[in-house]
file protein00.cif (mmCIF, C-alpha atoms)
data_structure
#
loop_
_atom_site.label_atom_id
_atom_site.label_comp_id
_atom_site.auth_asym_id
_atom_site.auth_seq_id
_atom_site.Cartn_x
_atom_site.Cartn_y
_atom_site.Cartn_z
CA MET N 1 -39.77 -5.24 -52.84
CA PRO N 2 -42.21 -8.15 -52.83
CA THR N 3 -45.78 -7.34 -51.94
CA ALA N 4 -48.43 -9.35 -50.17
CA ALA N 5 -49.20 -10.90 -53.53
CA SER N 6 -45.76 -12.53 -53.69
CA THR N 7 -45.75 -16.31 -53.82
CA ARG N 8 -42.64 -18.42 -53.35
CA PHE N 9 -40.04 -16.95 -51.03
CA GLY N 10 -42.05 -13.75 -50.57
CA THR N 11 -42.45 -12.30 -47.12
CA ARG N 12 -46.12 -13.29 -47.02
CA HIS N 13 -46.68 -10.38 -44.65
CA PRO N 14 -49.42 -7.84 -45.40
CA GLY N 15 -48.50 -4.24 -46.09
CA PRO N 16 -48.53 -2.91 -42.50
CA ARG N 17 -45.85 -5.36 -41.49
CA ARG N 18 -43.31 -3.88 -43.87
CA LEU N 19 -42.46 -1.22 -41.32
CA ALA N 20 -41.54 -3.91 -38.83
CA LEU N 21 -39.51 -5.75 -41.43
CA GLN N 22 -37.71 -2.54 -42.29
CA ALA N 23 -36.83 -2.15 -38.63
CA PHE N 24 -35.23 -5.60 -38.61
CA ALA N 25 -33.30 -4.82 -41.77
CA ALA N 26 -32.19 -1.50 -40.39
CA LEU N 27 -31.14 -3.13 -37.14
CA GLY N 28 -29.00 -5.57 -39.04
CA LEU N 29 -27.21 -2.85 -40.94
CA ALA N 30 -25.89 -1.24 -37.78
CA VAL N 31 -25.05 -4.12 -35.50
CA SER N 32 -21.43 -3.04 -35.83
CA PHE N 33 -22.19 0.15 -33.88
CA ALA N 34 -22.62 -1.97 -30.77
CA ALA N 35 -19.85 -4.46 -31.49
CA SER N 36 -17.64 -3.10 -28.74
CA ALA N 37 -20.46 -3.57 -26.24
CA THR N 38 -21.51 -7.13 -27.08
CA ALA N 39 -19.08 -8.75 -24.67
CA THR N 40 -20.37 -6.90 -21.61
CA SER N 41 -23.88 -5.68 -22.39
CA SER N 42 -27.03 -7.55 -21.54
CA PRO N 43 -29.08 -8.61 -24.59
CA GLU N 44 -31.67 -5.90 -23.95
CA ASP N 45 -28.98 -3.21 -23.65
CA LEU N 46 -27.53 -4.38 -26.93
CA ILE N 47 -30.87 -4.29 -28.74
CA ARG N 48 -31.71 -0.86 -27.29
CA LYS N 49 -28.38 0.63 -28.30
CA VAL N 50 -28.29 -0.92 -31.74
CA SER N 51 -31.92 -0.17 -32.54
CA THR N 52 -31.59 3.49 -31.67
CA GLU N 53 -28.30 3.99 -33.49
CA VAL N 54 -29.35 2.12 -36.59
CA LEU N 55 -32.52 4.13 -37.06
CA ASP N 56 -30.45 7.30 -36.84
CA ALA N 57 -27.91 5.88 -39.29
CA VAL N 58 -30.50 4.88 -41.87
CA LYS N 59 -32.17 8.27 -41.68
CA ALA N 60 -28.82 9.89 -42.45
CA ASP N 61 -27.81 7.53 -45.29
CA LYS N 62 -29.29 8.61 -48.62
CA ALA N 63 -27.93 5.55 -50.45
CA ILE N 64 -29.75 3.16 -48.12
CA GLN N 65 -32.90 5.25 -48.30
CA ALA N 66 -32.71 5.01 -52.09
CA GLY N 67 -32.58 1.20 -51.86
CA ASP N 68 -28.93 0.73 -52.89
CA VAL N 69 -28.79 -3.08 -52.59
CA SER N 70 -25.04 -3.30 -53.23
CA ARG N 71 -24.43 -0.99 -50.29
CA VAL N 72 -26.78 -3.03 -48.12
CA LEU N 73 -25.03 -6.28 -49.08
CA THR N 74 -21.60 -4.82 -48.37
CA LEU N 75 -22.66 -3.55 -44.96
CA VAL N 76 -24.22 -6.89 -44.07
CA ASP N 77 -21.09 -8.80 -45.10
CA GLU N 78 -18.72 -6.53 -43.22
CA LYS N 79 -20.73 -5.49 -40.19
CA VAL N 80 -23.68 -7.76 -39.54
CA MET N 81 -22.69 -11.36 -40.08
CA PRO N 82 -20.18 -11.43 -37.19
CA HIS N 83 -23.06 -10.62 -34.84
CA VAL N 84 -25.81 -12.84 -36.25
CA ASN N 85 -25.83 -16.62 -36.09
CA PHE N 86 -26.83 -16.90 -39.72
CA GLN N 87 -25.90 -20.58 -39.97
CA ARG N 88 -28.41 -21.37 -37.22
CA MET N 89 -30.99 -19.14 -38.91
CA THR N 90 -30.55 -20.90 -42.26
CA ALA N 91 -30.43 -24.37 -40.73
CA SER N 92 -33.67 -23.72 -38.85
CA ALA N 93 -35.39 -22.50 -42.02
CA VAL N 94 -34.24 -25.59 -43.93
CA GLY N 95 -35.26 -27.83 -41.02
CA ARG N 96 -34.50 -31.55 -40.93
CA PHE N 97 -33.12 -31.41 -44.46
CA TRP N 98 -30.10 -29.46 -43.22
CA ARG N 99 -28.54 -32.70 -41.97
CA GLN N 100 -28.65 -34.08 -45.50
CA ALA N 101 -26.86 -31.12 -47.05
CA THR N 102 -23.16 -31.25 -47.87
CA PRO N 103 -20.84 -28.50 -46.57
CA GLU N 104 -20.89 -26.90 -50.03
CA GLN N 105 -24.69 -27.00 -50.18
CA ARG N 106 -24.94 -25.50 -46.70
CA GLN N 107 -22.70 -22.62 -47.69
CA ARG N 108 -24.69 -21.99 -50.87
CA LEU N 109 -27.94 -22.06 -48.92
CA GLN N 110 -26.60 -19.49 -46.48
CA ASP N 111 -25.34 -17.26 -49.29
CA GLU N 112 -28.59 -17.34 -51.28
CA PHE N 113 -30.81 -17.01 -48.21
CA LYS N 114 -28.84 -14.01 -47.00
CA THR N 115 -29.10 -12.37 -50.41
CA LEU N 116 -32.84 -13.08 -50.50
CA LEU N 117 -33.44 -11.47 -47.11
CA VAL N 118 -31.30 -8.42 -47.79
CA ARG N 119 -32.94 -7.78 -51.15
CA THR N 120 -36.40 -8.37 -49.70
CA TYR N 121 -35.91 -5.81 -46.95
CA SER N 122 -33.67 -3.25 -48.64
CA GLY N 123 -36.56 -1.55 -50.40
CA ALA N 124 -38.26 -0.96 -47.05
CA LEU N 125 -35.30 0.96 -45.69
CA ALA N 126 -36.32 3.97 -47.74
CA GLN N 127 -39.48 4.16 -45.61
CA VAL N 128 -37.63 4.88 -42.36
CA LYS N 129 -38.83 8.29 -41.20
CA ASP N 130 -39.50 9.10 -37.55
CA GLN N 131 -39.62 5.69 -35.87
CA THR N 132 -38.34 5.13 -32.34
CA VAL N 133 -37.78 1.90 -30.39
CA GLU N 134 -39.34 0.96 -27.04
CA LEU N 135 -38.17 -2.15 -25.18
CA ARG N 136 -40.57 -4.32 -23.17
CA PRO N 137 -39.57 -6.07 -19.91
CA VAL N 138 -37.31 -9.07 -20.50
CA ARG N 139 -38.44 -12.37 -18.97
CA ALA N 140 -35.23 -14.26 -18.32
CA ASN N 141 -33.09 -15.66 -15.53
CA PRO N 142 -29.53 -14.35 -14.96
CA GLY N 143 -27.90 -17.55 -16.18
CA ASP N 144 -29.97 -18.00 -19.33
CA THR N 145 -27.99 -18.39 -22.55
CA GLU N 146 -31.00 -17.92 -24.83
CA VAL N 147 -33.40 -15.03 -24.35
CA MET N 148 -36.10 -13.09 -26.15
CA VAL N 149 -36.02 -9.30 -26.25
CA ARG N 150 -39.37 -7.72 -27.10
CA THR N 151 -39.63 -4.28 -28.64
CA GLN N 152 -42.15 -1.96 -30.22
CA ILE N 153 -41.42 0.33 -33.14
CA ARG N 154 -43.29 3.58 -32.65
CA GLY N 155 -43.97 6.22 -35.25
CA ARG N 156 -46.97 7.11 -37.30
CA GLY N 157 -49.80 4.64 -36.90
CA ASP N 158 -50.08 1.78 -34.45
CA PRO N 159 -47.00 0.43 -32.61
CA ILE N 160 -45.34 -2.49 -34.39
CA GLN N 161 -44.28 -5.61 -32.47
CA LEU N 162 -40.70 -6.66 -33.18
CA ASP N 163 -39.03 -9.33 -31.01
CA TYR N 164 -35.59 -10.92 -31.12
CA ARG N 165 -34.27 -14.30 -30.09
CA LEU N 166 -30.64 -14.16 -29.02
CA GLU N 167 -28.13 -16.75 -27.91
CA LYS N 168 -25.00 -16.26 -25.86
CA THR N 169 -21.87 -17.64 -27.48
CA GLY N 170 -18.89 -17.12 -25.21
CA ASP N 171 -19.25 -13.53 -24.01
CA ALA N 172 -21.21 -12.30 -27.02
CA TRP N 173 -24.94 -12.26 -27.76
CA LYS N 174 -26.06 -13.12 -31.29
CA ILE N 175 -29.44 -12.77 -32.99
CA TYR N 176 -30.83 -15.93 -34.57
CA ASP N 177 -34.50 -15.15 -35.21
CA VAL N 178 -36.91 -12.22 -35.41
CA ASN N 179 -40.63 -12.08 -34.65
CA VAL N 180 -42.70 -9.58 -36.65
CA LEU N 181 -46.25 -9.08 -35.35
CA GLY N 182 -46.40 -12.65 -34.08
CA VAL N 183 -44.69 -14.28 -37.07
CA TRP N 184 -41.16 -15.63 -36.58
CA LEU N 185 -38.97 -15.04 -39.63
CA VAL N 186 -37.41 -18.50 -39.73
CA GLN N 187 -40.71 -20.30 -39.20
CA SER N 188 -42.33 -18.36 -42.03
CA TYR N 189 -39.82 -19.78 -44.53
CA GLN N 190 -39.88 -23.39 -43.34
CA PRO N 191 -42.94 -24.58 -45.33
CA GLN N 192 -41.75 -22.85 -48.50
CA PHE N 193 -38.29 -24.40 -48.25
CA ALA N 194 -39.70 -27.84 -47.44
CA GLN N 195 -41.94 -27.67 -50.50
CA GLU N 196 -39.02 -26.96 -52.81
CA ILE N 197 -36.79 -29.62 -51.23
CA ASN N 198 -39.52 -32.25 -51.53
CA ALA N 199 -39.89 -31.36 -55.20
CA GLY N 200 -36.25 -30.99 -56.22
CA GLY N 201 -33.97 -31.79 -53.30
CA ILE N 202 -31.45 -29.45 -51.68
CA ASP N 203 -30.09 -28.44 -55.07
CA GLY N 204 -33.63 -27.63 -56.18
CA LEU N 205 -34.05 -25.20 -53.29
CA ILE N 206 -30.68 -23.61 -54.00
CA ALA N 207 -31.64 -23.20 -57.65
CA LYS N 208 -34.96 -21.57 -56.76
CA LEU N 209 -33.30 -19.16 -54.36
CA ALA N 210 -30.65 -18.30 -56.92
CA GLU N 211 -33.31 -17.82 -59.59
CA ARG N 212 -35.26 -15.40 -57.44
CA ASN N 213 -32.15 -13.46 -56.48
CA LYS N 214 -31.10 -13.22 -60.14
CA ALA N 215 -34.54 -11.95 -61.09
CA ALA N 216 -34.34 -9.32 -58.35
CA ARG N 217 -30.95 -8.11 -59.59
CA SER N 218 -32.35 -7.60 -63.09
#
call {"tool": "encode", "arguments": {"input": "protein00.cif", "output": "structure tokens"}}
result
Amino acid sequence: MPTAASTRFGTRHPGPRRLALQAFAALGLAVSFAASATATSSPEDLIRKVSTEVLDAVKADKAIQAGDVSRVLTLVDEKVMPHVNFQRMTASAVGRFWRQATPEQRQRLQDEFKTLLVRTYSGALAQVKDQTVELRPVRANPGDTEVMVRTQIRGRGDPIQLDYRLEKTGDAWKIYDVNVLGVWLVQSYQPQFAQEINAGGIDGLIAKLAERNKAARS
């Protein structure tokens, strides 16, 4: 897992934030547990249910705790993507350059970005021990279609801030960004992606992402 010394496409978060990042990764792995509730639950009910169940699931899964990336990738493909607006997440990270990308480039960006995030956070899953989730009051109106759900991850040490931005698509709520200790995930990648695109275009960014993912596999 990249450390605070990582440069391009690293998390850029100091050590203490890894626990919050692990919570996001763990949450993603178990979104399917709440799939039957997404159509009727409020966004905060969904986050509460999923957060609690996923922490329990990770604690019980020795393969995930051991950092089995292939298992993480499989779970994300099968269980998570239907409940996360990953196209919006990737498009926001790429910024204004997204409009210039072809459909094939957009798909490759999503694939490589997803792999990058899963591999970045999979190593942290092994650190899940005794954490619990506490939701903060939601500030939203009944008709809002975009909301932020704020949580704290509690365990050993200080509580860790972990917030979610969700959008309502039809009857379902989907996550499209995560805030870790005041740093939004998508925003943290925007300057890195822009730098690569300015240097080598969309294909240059895809190549850099693929290069990093290949290095991580080896």
call {"tool": "atom_distance", "arguments": {"input": "protein00.cif", "atom1": "CA of Val118 (chain N)", "atom2": "CA of Tyr164 (chain N)"}}
result
17.4 Å
call {"tool": "resolve_selection", "arguments": {"input": "protein00.cif", "expression": "the PyMOL selection byres ((chain N and resi 174) around 6)", "output": "mmCIF file with C-alpha atoms, in the frame of the given file"}}
result
data_model
loop_
_atom_site.group_PDB
_atom_site.id
_atom_site.type_symbol
_atom_site.label_atom_id
_atom_site.label_comp_id
_atom_site.auth_asym_id
_atom_site.auth_seq_id
_atom_site.Cartn_x
_atom_site.Cartn_y
_atom_site.Cartn_z
ATOM 1 C CA HIS N 83 -23.060 -10.620 -34.840
ATOM 2 C CA VAL N 84 -25.810 -12.840 -36.250
ATOM 3 C CA ASN N 85 -25.830 -16.620 -36.090
ATOM 4 C CA LEU N 166 -30.640 -14.160 -29.020
ATOM 5 C CA GLU N 167 -28.130 -16.750 -27.910
ATOM 6 C CA TRP N 173 -24.940 -12.260 -27.760
ATOM 7 C CA ILE N 175 -29.440 -12.770 -32.990
#
call {"tool": "residues_around", "arguments": {"input": "protein00.cif", "residues": "region 205-209 of chain N", "least_positions_apart": "2", "cutoff": "9 Å", "atoms": "only C-alpha atoms", "output": "list in words"}}
result
Arg8, Phe9, Gln105, Arg108, Leu109, Glu112, Phe113, Thr115, Leu116, Phe193, Ala194, Gln195, Glu196, Ile197, Ala199, Gly200, Gly201, Ile202, Asp203, Glu211, Arg212, Asn213 and Lys214 of chain N
call {"tool": "atom_distance", "arguments": {"input": "protein00.cif", "atom1": "CA of Arg48 (chain N)", "atom2": "CA of Ile160 (chain N)"}}
result
15.5 Å
call {"tool": "atom_distance", "arguments": {"input": "protein00.cif", "atom1": "CA of Val133 (chain N)", "atom2": "CA of Asp45 (chain N)"}}
result
12.2 Å
call {"tool": "residues_around", "arguments": {"input": "protein00.cif", "residues": "Asp177 (chain N)", "least_positions_apart": "2", "cutoff": "12 Å", "atoms": "all atoms listed in the file", "output": "count of residues only"}}
result
33
call {"tool": "resolve_selection", "arguments": {"input": "protein00.cif", "expression": "the PyMOL selection byres ((chain N and resi 44) around 9)", "output": "PyMOL selection string"}}
result
chain N and resi 41-43+45-49+135+137-138+148-150
